[in-house]
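Chemist: My structure is stored as target15.cif, with mmCIF, C-alpha atoms.
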```cif
data_upload
#
loop_
_atom_site.label_atom_id
_atom_site.label_comp_id
_atom_site.auth_asym_id
_atom_site.auth_seq_id
_atom_site.Cartn_x
_atom_site.Cartn_y
_atom_site.Cartn_z
CA MET S 24 66.88 -13.57 -75.33
CA LEU S 25 65.04 -10.31 -74.75
CA LEU S 26 62.25 -12.23 -73.03
CA LYS S 27 64.75 -13.91 -70.68
CA TYR S 28 66.17 -10.54 -69.60
CA LYS S 29 62.65 -9.20 -69.15
CA ASN S 30 61.80 -12.11 -66.86
CA PHE S 31 65.07 -11.67 -64.98
CA PHE S 32 64.44 -8.00 -64.22
CA SER S 33 60.82 -8.77 -63.37
CA VAL S 34 61.88 -11.30 -60.72
CA LEU S 35 64.68 -9.01 -59.51
CA GLY S 36 62.25 -6.13 -59.11
CA GLN S 37 59.82 -8.39 -57.26
CA TRP S 38 62.49 -9.47 -54.77
CA ILE S 39 63.60 -5.87 -54.18
CA ILE S 40 60.01 -4.76 -53.58
CA PHE S 41 59.24 -7.63 -51.21
CA GLY S 42 62.56 -7.20 -49.40
CA SER S 43 61.95 -3.45 -49.04
CA ILE S 44 58.45 -3.95 -47.62
CA ILE S 45 59.74 -6.46 -45.08
CA GLY S 46 62.72 -4.22 -44.24
CA ILE S 47 60.58 -1.12 -43.66
CA VAL S 48 58.11 -2.89 -41.38
CA VAL S 49 60.70 -4.95 -39.48
CA GLY S 50 63.08 -1.97 -39.18
CA SER S 51 60.32 0.10 -37.60
CA THR S 52 59.18 -2.64 -35.23
CA THR S 53 62.79 -3.39 -34.28
CA TYR S 54 63.31 0.26 -33.39
CA PHE S 55 60.34 -0.01 -31.05
CA LEU S 56 61.79 -3.22 -29.60
CA LEU S 57 65.23 -1.69 -28.96
CA GLU S 58 63.90 1.53 -27.47
CA MET S 59 61.40 -0.24 -25.25
CA ASN S 60 64.03 -2.72 -24.05
CA ASP S 61 66.36 0.17 -23.17
CA TYR S 62 63.56 1.90 -21.30
CA LEU S 63 62.36 -1.16 -19.41
CA GLY S 64 65.82 -2.54 -18.72
CA ASP S 65 67.79 0.63 -17.95
CA ASP S 66 65.33 3.31 -16.90
CA ILE S 67 62.97 1.13 -14.89
CA ARG S 68 64.46 -2.21 -13.80
CA LEU S 69 67.96 -1.03 -12.85
CA LYS S 70 66.46 1.66 -10.62
CA ARG S 71 64.03 -0.73 -8.93
CA ASP S 72 65.82 -3.83 -7.64
CA TRP S 73 62.61 -5.21 -6.13
CA LEU S 74 61.18 -5.96 -9.59
CA ILE S 75 63.26 -9.15 -9.70
CA PHE S 76 60.91 -10.70 -7.13
CA LEU S 77 58.05 -10.37 -9.63
CA LEU S 78 59.85 -12.47 -12.25
CA PRO S 79 58.05 -15.74 -11.32
CA PHE S 80 54.69 -14.00 -11.77
CA GLY S 81 55.90 -12.57 -15.07
CA GLY S 82 56.58 -16.17 -16.03
CA ILE S 83 52.97 -17.08 -15.29
CA ILE S 84 51.79 -14.28 -17.60
CA ILE S 85 54.10 -15.43 -20.42
CA GLY S 86 53.08 -19.05 -19.95
CA PHE S 87 49.39 -18.17 -19.97
CA ILE S 88 49.71 -16.26 -23.25
CA TYR S 89 51.62 -19.03 -25.03
CA MET S 90 49.36 -21.79 -23.74
CA ASN S 91 46.13 -20.00 -24.69
CA TYR S 92 47.06 -17.91 -27.73
CA GLY S 93 50.37 -19.27 -29.00
CA LYS S 94 49.19 -22.39 -30.83
CA VAL S 95 47.66 -21.97 -34.27
CA LEU S 96 46.43 -24.63 -36.72
CA LEU S 97 47.54 -23.77 -40.26
CA ASN S 98 47.27 -26.16 -43.21
CA ASN S 99 46.43 -29.05 -40.87
CA THR S 100 49.67 -28.46 -38.93
CA LEU S 101 49.79 -27.24 -35.34
CA ASN S 102 52.25 -24.35 -35.12
CA ASP S 103 53.39 -23.45 -31.61
CA THR S 104 54.87 -19.96 -31.32
CA ALA S 105 56.57 -21.07 -28.09
CA GLU S 106 59.07 -22.87 -30.32
CA LEU S 107 60.42 -19.38 -31.10
CA ASN S 108 63.33 -19.34 -33.58
CA ASN S 109 62.93 -23.06 -34.22
CA LEU S 110 59.48 -22.40 -35.66
CA VAL S 111 60.92 -19.74 -37.99
CA ILE S 112 63.59 -22.19 -39.17
CA ASP S 113 61.02 -24.95 -39.68
CA SER S 114 58.96 -22.56 -41.79
CA VAL S 115 61.95 -21.99 -44.07
CA HIS S 116 62.20 -25.76 -44.56
CA GLY S 117 58.49 -25.95 -45.33
CA LYS S 118 57.64 -28.07 -42.29
CA LYS S 119 55.53 -25.49 -40.45
CA GLU S 120 54.23 -21.94 -40.81
CA VAL S 121 54.76 -18.81 -38.74
CA PRO S 122 51.46 -17.34 -37.50
CA ARG S 123 51.15 -13.59 -37.92
CA ARG S 124 50.40 -13.26 -34.22
CA MET S 125 53.88 -14.57 -33.37
CA GLY S 126 55.49 -11.11 -33.61
CA PRO S 127 53.23 -9.30 -31.12
CA ILE S 128 53.31 -12.22 -28.69
CA VAL S 129 57.10 -12.50 -28.65
CA TYR S 130 57.48 -8.73 -28.27
CA PHE S 131 55.23 -8.66 -25.22
CA ALA S 132 56.90 -11.73 -23.70
CA THR S 133 60.35 -10.21 -24.26
CA PHE S 134 59.31 -6.98 -22.56
CA VAL S 135 58.02 -8.91 -19.54
CA THR S 136 61.26 -10.92 -19.34
CA VAL S 137 63.46 -7.81 -19.57
CA LEU S 138 61.37 -5.76 -17.12
CA PHE S 139 61.50 -8.34 -14.35
CA GLY S 140 65.14 -9.34 -14.79
CA GLY S 141 65.30 -12.49 -16.88
CA SER S 142 68.68 -12.97 -18.56
CA THR S 143 68.06 -12.58 -22.26
CA GLY S 144 68.88 -10.72 -25.46
CA ARG S 145 66.89 -9.04 -28.20
CA GLU S 146 67.60 -10.54 -31.63
CA GLY S 147 65.25 -13.44 -30.98
CA ALA S 148 62.24 -11.12 -30.87
CA ALA S 149 63.50 -9.21 -33.93
CA VAL S 150 64.01 -12.41 -35.94
CA GLN S 151 60.59 -13.78 -34.96
CA MET S 152 58.93 -10.47 -35.79
CA GLY S 153 60.75 -10.66 -39.12
CA GLY S 154 59.26 -14.11 -39.67
CA SER S 155 55.82 -12.85 -38.68
CA VAL S 156 56.03 -9.91 -41.10
CA ALA S 157 57.32 -12.16 -43.89
CA ALA S 158 54.39 -14.51 -43.25
CA ALA S 159 52.00 -11.58 -43.59
CA VAL S 160 53.63 -10.54 -46.89
CA ASN S 161 53.39 -14.14 -48.11
CA LYS S 162 49.71 -14.23 -47.22
CA PHE S 163 48.88 -10.87 -48.80
CA PHE S 164 50.68 -11.46 -52.11
CA GLU S 165 49.93 -15.22 -52.18
CA VAL S 166 53.45 -16.18 -53.27
CA ASN S 167 54.30 -19.79 -54.18
CA ILE S 168 55.84 -22.26 -51.76
CA PHE S 169 59.45 -21.73 -52.93
CA ASP S 170 59.27 -17.93 -52.82
CA LYS S 171 57.58 -18.19 -49.41
CA ARG S 172 60.68 -19.83 -47.93
CA ILE S 173 62.94 -17.19 -49.44
CA LEU S 174 60.83 -14.40 -47.98
CA MET S 175 61.05 -16.07 -44.56
CA MET S 176 64.84 -15.84 -44.84
CA SER S 177 64.41 -12.16 -45.72
CA GLY S 178 62.46 -11.64 -42.52
CA ILE S 179 65.29 -13.21 -40.51
CA SER S 180 67.82 -10.98 -42.27
CA ALA S 181 65.80 -7.83 -41.63
CA GLY S 182 65.42 -8.68 -37.94
CA PHE S 183 69.08 -9.45 -37.31
CA GLY S 184 70.50 -6.63 -39.45
CA SER S 185 68.34 -3.97 -37.83
CA ALA S 186 68.77 -5.33 -34.28
CA PHE S 187 72.58 -5.07 -34.37
CA GLY S 188 73.22 -2.37 -36.96
CA ALA S 189 75.00 -4.93 -39.12
CA PRO S 190 73.24 -5.11 -42.51
CA ILE S 191 75.89 -7.21 -44.29
CA THR S 192 75.85 -9.73 -41.45
CA GLY S 193 72.07 -9.76 -41.43
CA ALA S 194 71.89 -10.57 -45.14
CA VAL S 195 74.05 -13.68 -44.73
CA PHE S 196 72.62 -14.64 -41.33
CA GLY S 197 69.18 -15.07 -42.86
CA MET S 198 70.56 -17.67 -45.27
CA GLU S 199 73.07 -19.32 -42.93
CA MET S 200 70.96 -19.64 -39.78
CA THR S 201 68.58 -22.22 -41.16
CA ALA S 202 70.98 -24.95 -42.25
CA LEU S 203 74.50 -26.33 -41.87
CA GLY S 204 76.49 -26.96 -45.02
CA LYS S 205 74.23 -25.15 -47.47
CA LEU S 206 73.56 -21.54 -48.46
CA LYS S 207 70.57 -20.74 -50.65
CA PHE S 208 72.09 -17.93 -52.73
CA GLU S 209 68.80 -17.50 -54.55
CA ALA S 210 67.70 -15.63 -51.43
CA LEU S 211 70.63 -13.18 -51.55
CA VAL S 212 68.82 -10.26 -53.21
CA PRO S 213 65.73 -10.18 -50.96
CA CYS S 214 67.84 -10.92 -47.85
CA LEU S 215 70.31 -8.17 -48.71
CA THR S 216 67.53 -5.71 -49.48
CA ALA S 217 65.54 -6.51 -46.34
CA SER S 218 68.61 -6.32 -44.10
CA PHE S 219 69.88 -3.00 -45.47
CA VAL S 220 66.45 -1.38 -45.57
CA GLY S 221 65.69 -2.64 -42.06
CA HIS S 222 69.00 -1.31 -40.75
CA TYR S 223 68.62 2.13 -42.28
CA VAL S 224 65.02 2.45 -41.13
CA THR S 225 66.07 1.62 -37.56
CA ALA S 226 69.28 3.68 -37.48
CA ALA S 227 68.72 6.51 -39.96
CA ALA S 228 64.97 7.04 -40.24
CA TRP S 229 64.21 6.46 -36.55
CA GLY S 230 67.64 7.43 -35.21
CA HIS S 231 68.48 4.51 -32.93
CA LYS S 232 72.13 4.41 -31.83
CA HIS S 233 73.58 0.93 -31.45
CA GLU S 234 76.18 -0.04 -28.85
CA GLU S 235 79.82 0.27 -29.84
CA PHE S 236 82.62 -2.09 -28.83
CA ILE S 237 86.08 -0.75 -29.55
CA ILE S 238 89.26 -2.81 -29.83
CA GLN S 239 92.05 -0.65 -28.46
CA THR S 240 94.99 -2.65 -29.79
CA ILE S 241 95.43 -5.45 -32.31
CA PRO S 242 98.48 -7.71 -31.85
CA GLU S 243 100.90 -7.91 -34.74
CA ILE S 244 100.44 -10.87 -37.06
CA SER S 245 102.70 -13.75 -36.07
CA ILE S 246 102.62 -17.54 -35.98
CA SER S 247 102.69 -17.62 -32.20
CA THR S 248 99.68 -15.29 -31.96
CA PHE S 249 97.75 -17.39 -34.47
CA ILE S 250 98.47 -20.52 -32.41
CA ILE S 251 97.17 -18.79 -29.29
CA VAL S 252 94.06 -17.62 -31.16
CA ILE S 253 93.38 -21.18 -32.36
CA LEU S 254 93.73 -22.62 -28.85
CA LEU S 255 91.51 -19.91 -27.39
CA SER S 256 88.92 -20.48 -30.09
CA VAL S 257 88.70 -24.13 -29.07
CA ILE S 258 87.99 -23.01 -25.50
CA PHE S 259 85.37 -20.53 -26.70
CA SER S 260 83.69 -23.20 -28.83
CA LEU S 261 83.50 -25.59 -25.86
CA ILE S 262 81.89 -22.85 -23.77
CA SER S 263 79.27 -22.37 -26.49
CA VAL S 264 78.61 -26.14 -26.40
CA LEU S 265 78.30 -26.03 -22.61
CA TYR S 266 75.72 -23.27 -22.84
CA CYS S 267 73.71 -24.99 -25.57
CA GLN S 268 73.69 -28.33 -23.79
CA LEU S 269 72.74 -26.79 -20.44
CA ARG S 270 70.01 -24.65 -21.97
CA HIS S 271 68.46 -27.58 -23.88
CA GLY S 272 68.89 -29.89 -20.90
CA ILE S 273 67.03 -27.50 -18.60
CA GLU S 274 64.30 -27.12 -21.20
CA LYS S 275 63.77 -30.89 -21.50
CA PHE S 276 63.92 -31.40 -17.74
CA SER S 277 61.45 -28.60 -16.96
CA GLU S 278 59.03 -29.76 -19.69
CA LYS S 279 59.10 -33.30 -18.32
CA LEU S 280 58.84 -32.13 -14.69
CA PHE S 281 55.83 -29.89 -15.29
CA LYS S 282 54.32 -31.93 -18.14
CA LYS S 283 54.83 -29.10 -20.64
CA ASN S 284 52.79 -26.67 -18.54
CA HIS S 285 54.38 -23.38 -19.65
CA MET S 286 53.00 -21.41 -16.70
CA LYS S 287 54.44 -23.77 -14.08
CA ARG S 288 57.78 -24.03 -15.92
CA ALA S 289 58.27 -20.28 -16.13
CA PHE S 290 57.12 -19.71 -12.54
CA PHE S 291 59.65 -22.28 -11.33
CA GLY S 292 62.38 -20.76 -13.53
CA GLY S 293 61.62 -17.31 -12.17
CA ILE S 294 62.06 -18.58 -8.60
CA VAL S 295 65.43 -20.13 -9.53
CA ILE S 296 66.61 -16.84 -11.07
CA VAL S 297 65.54 -14.93 -7.94
CA VAL S 298 67.48 -17.36 -5.75
CA LEU S 299 70.57 -17.13 -7.98
CA THR S 300 70.37 -13.33 -7.89
CA LEU S 301 70.29 -13.37 -4.08
CA ILE S 302 73.25 -15.78 -3.99
CA VAL S 303 75.49 -13.60 -6.16
CA SER S 304 74.16 -10.43 -4.46
CA SER S 305 74.12 -8.60 -7.76
CA GLN S 306 71.84 -7.99 -10.73
CA ASP S 307 74.73 -7.72 -13.18
CA TYR S 308 73.66 -11.01 -14.75
CA ASN S 309 69.98 -10.19 -15.05
CA GLY S 310 68.55 -8.50 -18.11
CA ARG S 311 70.85 -8.00 -21.08
CA GLY S 312 73.98 -7.15 -19.09
CA LEU S 313 75.18 -4.54 -21.58
CA GLN S 314 77.06 -2.55 -18.94
CA MET S 315 79.38 -5.40 -17.98
CA LEU S 316 79.67 -6.42 -21.62
CA GLU S 317 81.00 -2.96 -22.50
CA GLN S 318 83.14 -2.95 -19.36
CA SER S 319 84.88 -6.19 -20.40
CA PHE S 320 86.57 -4.30 -23.25
CA ILE S 321 88.19 -1.67 -21.01
CA GLU S 322 88.69 -3.05 -17.48
CA ASP S 323 88.66 -6.22 -15.42
CA VAL S 324 85.36 -7.93 -14.69
CA PRO S 325 84.65 -10.66 -12.08
CA PRO S 326 86.60 -13.78 -13.14
CA PHE S 327 83.54 -16.05 -13.20
CA ALA S 328 81.17 -13.54 -14.81
CA PHE S 329 80.99 -15.66 -17.95
CA LEU S 330 79.87 -18.71 -15.98
CA ALA S 331 77.26 -16.76 -14.03
CA LYS S 332 75.76 -15.32 -17.21
CA LEU S 333 75.80 -18.75 -18.83
CA ILE S 334 73.79 -20.25 -15.97
CA PHE S 335 71.39 -17.30 -15.64
CA THR S 336 70.60 -17.35 -19.36
CA ALA S 337 70.28 -21.13 -19.61
CA VAL S 338 67.78 -21.15 -16.73
CA THR S 339 65.85 -18.13 -18.05
CA LEU S 340 65.35 -19.40 -21.60
CA GLY S 341 65.30 -23.08 -20.67
CA THR S 342 62.27 -22.61 -18.41
CA GLY S 343 60.15 -20.74 -20.93
CA PHE S 344 61.04 -17.06 -20.72
CA VAL S 345 61.55 -15.27 -24.01
CA GLY S 346 64.33 -13.31 -25.68
CA GLY S 347 67.39 -13.56 -27.85
CA GLU S 348 70.57 -15.50 -27.19
CA ALA S 349 73.10 -13.47 -29.19
CA ILE S 350 73.63 -10.79 -26.53
CA PRO S 351 74.10 -13.41 -23.77
CA LEU S 352 76.61 -15.25 -25.99
CA PHE S 353 78.40 -11.94 -26.60
CA PHE S 354 78.50 -11.40 -22.83
CA ILE S 355 79.77 -14.93 -22.10
CA GLY S 356 82.49 -14.76 -24.74
CA ALA S 357 83.67 -11.22 -23.98
CA THR S 358 83.87 -11.73 -20.21
CA LEU S 359 85.65 -15.05 -20.66
CA GLY S 360 88.15 -13.33 -22.95
CA ASN S 361 88.55 -10.64 -20.31
CA THR S 362 89.28 -13.30 -17.67
CA LEU S 363 91.82 -15.06 -19.92
CA HIS S 364 93.67 -11.76 -20.22
CA THR S 365 95.05 -12.51 -16.74
CA PHE S 366 96.93 -15.52 -18.11
CA ILE S 367 97.62 -14.49 -21.71
CA ASP S 368 99.76 -11.57 -22.77
CA LEU S 369 97.42 -10.16 -25.40
CA PRO S 370 95.38 -6.92 -25.30
CA MET S 371 92.27 -7.12 -23.14
CA SER S 372 89.92 -5.57 -25.69
CA PHE S 373 91.21 -7.94 -28.38
CA LEU S 374 90.59 -11.02 -26.23
CA ALA S 375 87.13 -9.77 -25.29
CA ALA S 376 86.28 -9.21 -28.95
CA LEU S 377 87.70 -12.60 -29.91
CA GLY S 378 85.58 -14.34 -27.28
CA LEU S 379 82.47 -12.41 -28.28
CA ILE S 380 82.71 -13.47 -31.92
CA ALA S 381 83.98 -17.03 -31.39
CA VAL S 382 81.33 -18.03 -28.84
CA PHE S 383 78.61 -16.63 -31.10
CA SER S 384 80.03 -18.51 -34.10
CA GLY S 385 80.12 -21.81 -32.23
CA GLY S 386 76.68 -21.42 -30.66
CA ALA S 387 74.81 -20.15 -33.71
CA ASN S 388 76.72 -22.34 -36.22
CA THR S 389 77.05 -19.34 -38.52
CA PRO S 390 80.80 -18.81 -39.14
CA ILE S 391 80.39 -16.57 -42.20
CA ALA S 392 77.86 -14.31 -40.49
CA ALA S 393 80.03 -14.22 -37.35
CA PHE S 394 83.07 -13.15 -39.37
CA LEU S 395 81.07 -10.44 -41.12
CA LEU S 396 79.77 -9.31 -37.74
CA ALA S 397 83.36 -8.90 -36.55
CA MET S 398 84.08 -6.86 -39.64
CA GLU S 399 81.14 -4.53 -39.09
CA MET S 400 81.29 -4.38 -35.30
CA PHE S 401 85.04 -3.74 -35.01
CA ASP S 402 85.55 -1.59 -38.12
CA GLY S 403 87.57 -4.23 -39.96
CA LYS S 404 90.30 -4.57 -37.31
CA GLY S 405 92.05 -7.92 -36.88
CA LEU S 406 90.06 -9.71 -39.56
CA GLU S 407 92.76 -12.37 -40.04
CA TYR S 408 92.39 -13.48 -36.42
CA PHE S 409 88.59 -13.33 -36.42
CA PHE S 410 88.39 -15.39 -39.59
CA VAL S 411 90.43 -18.17 -38.00
CA ALA S 412 88.52 -17.90 -34.71
CA CYS S 413 85.12 -18.23 -36.41
CA LEU S 414 86.12 -21.32 -38.38
CA VAL S 415 87.84 -23.07 -35.46
CA SER S 416 84.95 -22.40 -33.07
CA TYR S 417 82.44 -23.55 -35.67
CA LEU S 418 84.30 -26.81 -36.29
CA PHE S 419 84.97 -27.68 -32.65
CA SER S 420 81.40 -26.98 -31.51
CA GLY S 421 80.33 -30.07 -33.43
CA HIS S 422 76.68 -30.45 -34.32
CA HIS S 423 75.52 -28.70 -31.17
CA GLY S 424 73.79 -25.37 -31.47
CA LEU S 425 71.17 -22.93 -30.25
CA TRP S 426 68.44 -24.18 -32.57
CA PRO S 427 67.78 -27.93 -32.95
CA SER S 428 65.71 -27.18 -36.09
CA GLN S 429 68.86 -26.25 -38.04
CA LYS S 430 69.04 -28.80 -40.84
CA ILE S 431 72.36 -30.57 -41.40
CA TYR S 432 72.96 -30.82 -45.16
CA GLU S 433 76.64 -31.62 -44.82
CA PRO S 434 78.59 -32.56 -41.66
CA LYS S 435 81.24 -30.14 -40.48
CA SER S 436 83.90 -32.78 -41.04
CA ARG S 437 84.25 -36.51 -41.75
CA LEU S 438 84.86 -37.06 -38.06
CA TYR S 439 81.39 -35.80 -37.14
CA ASN S 440 79.89 -37.77 -39.98
CA THR S 441 81.54 -40.95 -38.64
CA LEU S 442 80.42 -40.27 -35.07
CA ARG S 443 76.90 -39.60 -36.26
CA ALA S 444 76.83 -42.85 -38.25
CA GLU S 445 78.14 -44.80 -35.25
CA THR S 446 75.46 -43.27 -33.03
CA ILE S 447 72.70 -44.25 -35.44
CA GLU S 448 74.14 -47.77 -35.67
CA ASN S 449 74.18 -48.12 -31.86
CA VAL S 450 70.55 -46.96 -31.66
CA GLU S 451 69.52 -49.58 -34.22
CA LYS S 452 71.35 -52.32 -32.30
CA LYS S 453 69.57 -51.34 -29.09
CA LYS S 454 66.23 -51.51 -30.87
CA LYS S 455 66.97 -55.05 -32.08
CA LEU S 456 67.97 -56.14 -28.59
#
```
Mind turning the file's structure into structure tokens?
Modeler:
Amino acid sequence: MLLKYKNFFSVLGQWIIFGSIIGIVVGSTTYFLLEMNDYLGDDIRLKRDWLIFLLPFGGIIIGFIYMNYGKVLLNNTLNDTAELNNLVIDSVHGKKEVPRRMGPIVYFATFVTVLFGGSTGREGAAVQMGGSVAAAVNKFFEVNIFDKRILMMSGISAGFGSAFGAPITGAVFGMEMTALGKLKFEALVPCLTASFVGHYVTAAAWGHKHEEFIIQTIPEISISTFIIVILLSVIFSLISVLYCQLRHGIEKFSEKLFKKNHMKRAFFGGIVIVVLTLIVSSQDYNGRGLQMLEQSFIEDVPPFAFLAKLIFTAVTLGTGFVGGEAIPLFFIGATLGNTLHTFIDLPMSFLAALGLIAVFSGGANTPIAAFLLAMEMFDGKGLEYFFVACLVSYLFSGHHGLWPSQKIYEPKSRLYNTLRAETIENVEKKKKL
């Protein structure tokens, strides 16, 4: 018995040490990411509108780096860092490995995208840096294959928790992001440690101040309000599906059109973004769009802002530029909620917050993490409504999502399981014919 407890505390101590190492490194690198993005996006790009015309050439630079330095052969498997978050997820499932160079490459590519006005976020770079750091820890300590996958989850947790100042969310996001229908609770301790350490290194040690979104008023709990929230959540989930389908569709089309030449794809995408920017006569939808995102909680925004951001982001990331998708999803959901305020008699800030969380839940397929994010981001206000919104959006988004590498352990419902079975059956019939 004494030996069992000794082994238990030995493993526990190991996870805490590994999680702390990952959290310290990722928290520090995430601070650099956030500060540099603020500097490039706010202090430089917003004051120099002409930089948008250099976006196609920025795409050539990004494409050149990924084509010449992004592919690494590890254990007889070709690992392409251009697969971004999908590569990190595949590494958790043991299919591929994250090269240590992935972190520096994605940071540089994100900075280029932000500087020249591509529509993107930041958590993608933080998560991929987390995966890169976890891979380095795995290599240094030579951990076994099962522990390696757990440490990869810890890297994801550290990246997300420190990027958004949401350590509880980060801990669960690292476990929930990789698969539908299954949580590997064995990874809880290292994920929790990495996320909290990463957050406190970024916010406390380095002093980064995260954005704040404040809900002014929460409607009283009533059946009618819950019905409205459910109906709105269905709309938000469908918007998340629209974004995911458009983004993946553009990616497949551009890869086929330019024969997977990353430089040509990104150059073409940059030209499209420049044209779209000239059409709307505004750069509100370039970069991260944090100003309009914050504005959606306190005053009216253009009624089709959500659609413009959806298109800008889908083109940017679908043609090979680099960055996160959480901030764009926040923007799309919050501005759509703001627009719906015109037709629905509920507080503007509440609808913006509801859209922000629900669209993220549907797109990322992480309802638990999305609910925890609402708890941390909005100081625990309106949790009953956010809980329902996260679940409804998750269910109605089907098996669509930001990352095709997410493994489906269990379908979201029997309906999706039936549809999936019917699809497979139709494919087999076509093969026979």
Chemist: I'd like the residues picked by the PyMOL selection byres ((chain S and resi 180) around 6) written out as a PyMOL selection string, using the chain letters and numbers from the file.
Modeler: chain S and resi 177-179+181-184+193-194+197+214+218
Chemist: If we count only C-alpha atoms, what is near S:Tyr130 at a cut-off of 10 Å, once residues fewer than 2 positions away on the same chain are taken out, given as a list of chain:residue names?
Modeler: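 Skipping anything fewer than 2 positions along the chain leaves S:Thr52, S:Thr53, S:Phe55, S:Leu56, S:Met59, S:Asn60, S:Met125, S:Gly126, S:Pro127, S:Ile128, S:Ala132, S:Thr133, S:Phe134, S:Val135, S:Thr136, S:Arg145, S:Gly147, S:Ala148, S:Ala149, S:Gln151, S:Met152, S:Val345, S:Gly346.
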Chemist: Counting all atoms listed in the file, which residue out of S:Leu374, S:Ile173, S:Ile244, S:Ile85 sits closest to S:Ala217?
Modeler: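 Closest candidate: S:Ile173.
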Chemist: Could you tell me, as a VMD selection string, which residues have any atom at most 8 Å from (51.5, -15.9, -25.5), counting only C-alpha atoms?
Modeler: chain S and resid 85 to 93 104 to 105 128 to 129 132
Chemist: Rounded to one decimal, what separation in Å do you get between atom CA of S:Ala381 and atom CA of S:Ser416?
Modeler: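 Here the two named atoms are 5.7 Å from each other.
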Chemist: Once the PyMOL selection byres ((chain S and resi 271) around 10) has been evaluated on this model, what residues remain selected, and can you format them as a VMD selection string?
Modeler: chain S and resid 266 to 270 272 to 277 337 to 338 340 to 342 424 to 427
Chemist: For this structure, which residues satisfy the selection - the PyMOL selection byres ((chain S and resi 376) around 10) - when it is evaluated on the file as given? I want them as a list of chain:residue names.
Modeler: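 Checked against the file, the PyMOL selection byres ((chain S and resi 376) around 10) matches S:Phe236, S:Ile237, S:Ile238, S:Ser319, S:Phe320, S:Phe353, S:Gly356, S:Ala357, S:Thr358, S:Gly360, S:Asn361, S:Met371, S:Ser372, S:Phe373, S:Leu374, S:Ala375, S:Leu377, S:Gly378, S:Leu379, S:Ile380, S:Ala381, S:Ala397, S:Met400, S:Phe401, S:Gly405, S:Phe409.
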Chemist: Choose the residue, out of S:Gly403, S:Gly385, S:Gly188, S:Pro390, that has the smallest atom-to-atom separation from S:Lys232; count all atoms listed in the file.
Modeler: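 Distance minimum relative to S:Lys232 lands on S:Gly188.
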Chemist: Just checking: using all atoms listed in the file, which residue out of S:Ala189, S:Met315, S:Ile250, S:Val111 ends up closest to S:Ser155?
Modeler: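 Once distances to S:Ser155 are computed over all atoms listed in the file, the minimum belongs to S:Val111.
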Chemist: Find the residues with any atom within 12 Å of (70.6, -23.8, -49.7); use only C-alpha atoms and the coordinates as given in the file, and write the answer as number ranges by chain.
Modeler: S: 115-116, 169, 172-173, 176, 195, 197-211, 430-433
Chemist: Could you tell me which of S:Leu369, S:Leu396, S:Val150, S:Leu330 comes closest to S:Glu348 if we count all atoms listed in the file?
Modeler: S:Val150
